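As structure tokens, the structure follows; a few thoughts come after it.
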Amino acid sequence: MLVSVHLSKGSLLPDFTGLFQQRQPFTSQHSLELWTGNPVPEITWHKDGQLVQEDDTHHSMSGGRFLQITNAQVSHTGRYTCLASNTAGDKSKSFSLNVLVSPTIAGVDSDGSPEDVVVILNSPTSLVCEAYSYPPATITWFKDGTPLESNRNIRILPGGRTLQILNAQEDNAGRYSCVATNEAGEMIKHYEVKVYIPPIINKGDLLGPGLSPKEVKIKVNTTLTLECEAYAIPSASLSWYKDGQASHKIFHLLMVSYRLKWSIKQ
């Protein structure tokens, strides 16, 4: 960034006539005009009451007509004063310099890949958007591209830094995004939320009256098919047991979506 303060010639007594824009992003150039007197005034620059010394980032040019600040940092924020003096008197002009910092968000990869978040069904989880900027950024949340607001199951805490899912349901899965915005720019962080569901088995197909096993009868030397319909995220692996022991007489497996059918030859 380059911040320049420009002074130009004029009447006997030093007098400032220009206007310095006080609040601009890094990429702007600022100028301040001074009509100089006779004899030519001596010009000095001060920051927060202290004389500005030339260094790697502060450069006084054209006899003080320009003060150039390169590679502006937050530490350059402050009150700058230009003092022009000659035998006829002196004049000063003060202005505030605000160095704006565009938002950065902790945990954002260079390729913008989302942060994976896994939550178990009916459990809570939180998404944290830790943004750093000046002035402080405004944070907005989105789910699958649609703006989010607090509701019965989603709470956005004051300041927007944290989004809470209070009781995760299957429809809470998706891509969440936090957008941090201020005058200097914006940054986005994505979260891929996955809601895991423990295996659910349709027990009505497996149990008889009460909790007793369902009784199945077949003729000797025939084929029996027992069906176990299970649903889970991610997909569940199924194991079969006979009298508490793993069954090895399994000859056929048919899988359609989350429906698995095992054929057992007696």
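Labels used: A, B, ... for chains in the order of the structure tokens, numbers from 1 for residues in each chain, and numbers from 1 for ligands as shown.
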List every residue of region 15-149 of chain A that DSSP, applied to the backbone, labels as strand (DSSP E or B), and write the result as a PyMOL selection string.
chain A and resi 15-16+23-24+34-36+42-47+50-51+58-61+66-70+78-86+89-99+101-105+115-120+125-128+131-134+138-143+146-147
Please identify all polymer residues within 7 Å of Val128 (chain A), counting only C-alpha atoms, omitting same-chain residues fewer than 2 positions from it, and present them as a list in words.
Ser126, Glu130, Arg161, Thr162 and Leu163 of chain A
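Distance-wise, CA of Cys129 (chain A) and CA of Ser75 (chain A) end up 25.2 Å apart.
All residues of protein, DNA or RNA that reach within 6 Å of Pro41 (chain A), judged by only C-alpha atoms and not counting those fewer than 2 positions away in the chain, are A:Ala84, A:Ser85, A:Asn86.
If you measure from each of A:Gln169, A:Asn182, A:Thr44, A:Thr125 to Arg155 (chain A) using only C-alpha atoms, the closest one turns out to be A:Thr125.
The coordinates place CA of Ser133 (chain A) at 9.8 Å from CA of Glu183 (chain A).
Coordinates place CA of Ser123 (chain A) at a distance of 14.5 Å from CA of Ile233 (chain A).
The shell of residues at most 9 Å from Met187 (chain A), with only C-alpha atoms counted and near chain neighbours (fewer than 2 positions) removed, consists of A:Ser102, A:Pro103, A:Thr104, A:Ile105, A:Ala131, A:Cys178, A:Val179, A:Ala180, A:Thr181, A:Gly185, A:Lys189.
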Using all heavy atoms, can you write the selected residues to a file as a compact mmCIF listing (two decimals), in the first residue's frame?
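Result written to part-v5.txt:
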# COMPACT_ATOMS: atom_id res chain seq x y z
N SER A 102 -8.41 -6.68 5.70
CA SER A 102 -9.47 -7.56 5.21
C SER A 102 -9.52 -8.83 6.06
O SER A 102 -8.51 -9.27 6.61
CB SER A 102 -9.24 -7.91 3.74
OG SER A 102 -7.99 -8.57 3.59
N PRO A 103 -10.69 -9.44 6.18
CA PRO A 103 -10.86 -10.59 7.08
C PRO A 103 -10.04 -11.81 6.67
O PRO A 103 -9.87 -12.10 5.48
CB PRO A 103 -12.36 -10.90 6.99
CG PRO A 103 -12.99 -9.64 6.49
CD PRO A 103 -11.97 -9.03 5.57
N THR A 104 -9.53 -12.48 7.67
CA THR A 104 -8.98 -13.83 7.51
C THR A 104 -9.70 -14.71 8.53
O THR A 104 -10.06 -14.25 9.62
CB THR A 104 -7.47 -13.89 7.75
OG1 THR A 104 -7.17 -13.40 9.08
CG2 THR A 104 -6.72 -13.05 6.74
N ILE A 105 -9.93 -15.97 8.16
CA ILE A 105 -10.65 -16.91 9.03
C ILE A 105 -9.73 -18.07 9.36
O ILE A 105 -9.13 -18.67 8.47
CB ILE A 105 -11.94 -17.41 8.37
CG1 ILE A 105 -12.86 -16.24 8.03
CG2 ILE A 105 -12.67 -18.41 9.27
CD1 ILE A 105 -14.13 -16.64 7.29
N ALA A 131 -12.86 -15.09 12.89
CA ALA A 131 -12.41 -14.13 11.88
C ALA A 131 -11.57 -13.03 12.53
O ALA A 131 -11.87 -12.56 13.63
CB ALA A 131 -13.61 -13.51 11.17
N CYS A 178 -19.59 -19.70 6.38
CA CYS A 178 -19.59 -18.41 7.09
C CYS A 178 -18.83 -17.41 6.22
O CYS A 178 -17.77 -17.72 5.68
CB CYS A 178 -18.99 -18.52 8.49
SG CYS A 178 -17.21 -18.55 8.58
N VAL A 179 -19.43 -16.24 6.06
CA VAL A 179 -18.83 -15.17 5.25
C VAL A 179 -18.52 -14.00 6.18
O VAL A 179 -19.42 -13.44 6.81
CB VAL A 179 -19.79 -14.71 4.13
CG1 VAL A 179 -19.14 -13.61 3.30
CG2 VAL A 179 -20.17 -15.90 3.24
N ALA A 180 -17.24 -13.67 6.29
CA ALA A 180 -16.80 -12.54 7.12
C ALA A 180 -16.52 -11.35 6.19
O ALA A 180 -15.73 -11.45 5.26
CB ALA A 180 -15.54 -12.91 7.90
N THR A 181 -17.19 -10.21 6.45
CA THR A 181 -17.12 -9.06 5.56
C THR A 181 -16.83 -7.78 6.35
O THR A 181 -17.41 -7.56 7.41
CB THR A 181 -18.45 -8.88 4.80
OG1 THR A 181 -18.80 -10.11 4.17
CG2 THR A 181 -18.34 -7.80 3.76
N GLY A 185 -12.78 -6.06 2.54
CA GLY A 185 -12.97 -7.26 1.74
C GLY A 185 -13.79 -8.30 2.48
O GLY A 185 -14.48 -8.00 3.47
N LYS A 189 -15.49 -19.37 4.71
CA LYS A 189 -15.07 -20.70 5.17
C LYS A 189 -16.25 -21.64 5.03
O LYS A 189 -17.38 -21.30 5.38
CB LYS A 189 -14.59 -20.67 6.62
CG LYS A 189 -14.12 -22.04 7.12
CD LYS A 189 -13.58 -21.98 8.54
CE LYS A 189 -13.10 -23.36 8.98
NZ LYS A 189 -12.56 -23.34 10.37
Show me, as CSV, the residues of region 81-168 of chain A having an atom within 8 Å of region 45-49 of chain A, each with the closest atom pair and its distance in Å, using only C-alpha atoms.
residue,atom,partner,partner_atom,distance
A:Thr81,CA,A:His46,CA,5.0
A:Cys82,CA,A:Trp45,CA,4.7
A:Leu83,CA,A:Trp45,CA,6.3
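Shortest atom-to-atom contact with Pro136 (chain A) among A:Val119, A:Ala236, A:Leu100, A:Val52: A:Leu100, counting only C-alpha atoms.
Excluding Gly160 (chain A) itself and any same-chain residue fewer than 2 positions from it, the protein and nucleic acid residues within 7 Å of it, counting only C-alpha atoms, are A:Ile139, A:Thr140, A:Ile156, A:Leu157, A:Pro158, A:Thr162.
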Those residues with C-alpha atoms, as a JSON list (two decimals), in the first residue's frame please?
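The resulting result39.json:
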[["chain", "number", "residue", "atom", "x", "y", "z"],
["A", 139, "ILE", "CA", -20.35, -12.65, 9.91],
["A", 140, "THR", "CA", -23.21, -14.18, 7.91],
["A", 156, "ILE", "CA", -26.42, -18.26, 15.97],
["A", 157, "LEU", "CA", -24.74, -16.69, 19.00],
["A", 158, "PRO", "CA", -24.37, -12.89, 19.30],
["A", 162, "THR", "CA", -20.61, -19.56, 16.56]]
List as a CSV table (one decimal) with N, CA, C and O atoms, in the first residue's frame the protein and nucleic acid residues near Asp56 (chain A), meaning an atom at most 12 Å away when only C-alpha atoms are counted, but skip any in the same chain fewer than 2 places from it.
chain,number,residue,atom,x,y,z
A,53,GLN,N,10.3,9.8,12.0
A,53,GLN,CA,11.6,9.6,11.5
A,53,GLN,C,11.6,8.7,10.3
A,53,GLN,O,10.8,7.8,10.2
A,54,GLU,N,12.4,9.0,9.3
A,54,GLU,CA,12.4,8.1,8.1
A,54,GLU,C,12.9,6.7,8.4
A,54,GLU,O,13.9,6.6,9.2
A,58,HIS,N,8.5,4.8,6.2
A,58,HIS,CA,8.2,6.2,6.2
A,58,HIS,C,9.2,7.0,5.3
A,58,HIS,O,10.4,6.9,5.6
A,59,HIS,N,8.8,7.7,4.3
A,59,HIS,CA,9.7,8.4,3.5
A,59,HIS,C,9.2,9.8,3.2
A,59,HIS,O,8.1,10.0,2.8
A,60,SER,N,10.0,10.8,3.6
A,60,SER,CA,9.7,12.2,3.4
A,60,SER,C,10.4,12.6,2.0
A,60,SER,O,11.6,12.4,1.8
A,68,GLN,N,5.4,9.5,2.5
A,68,GLN,CA,5.0,8.3,1.9
A,68,GLN,C,5.1,7.1,2.9
A,68,GLN,O,6.1,6.9,3.5
A,69,ILE,N,4.0,6.4,3.0
A,69,ILE,CA,4.0,5.2,3.9
A,69,ILE,C,3.8,4.0,3.0
A,69,ILE,O,2.8,3.9,2.3
A,70,THR,N,4.8,3.1,3.0
A,70,THR,CA,4.7,1.9,2.1
A,70,THR,C,4.4,0.7,3.0
A,70,THR,O,4.8,0.6,4.2
A,71,ASN,N,3.8,-0.3,2.4
A,71,ASN,CA,3.5,-1.6,3.1
A,71,ASN,C,2.8,-1.3,4.4
A,71,ASN,O,3.2,-1.8,5.5
A,72,ALA,N,1.7,-0.6,4.3
A,72,ALA,CA,1.0,-0.2,5.6
A,72,ALA,C,0.6,-1.3,6.4
A,72,ALA,O,0.1,-2.4,6.0
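Shortest atom-to-atom contact with Val195 (chain A) among A:Ser113, A:Asn122, A:Ser239, A:Gln164: A:Asn122, counting only C-alpha atoms.
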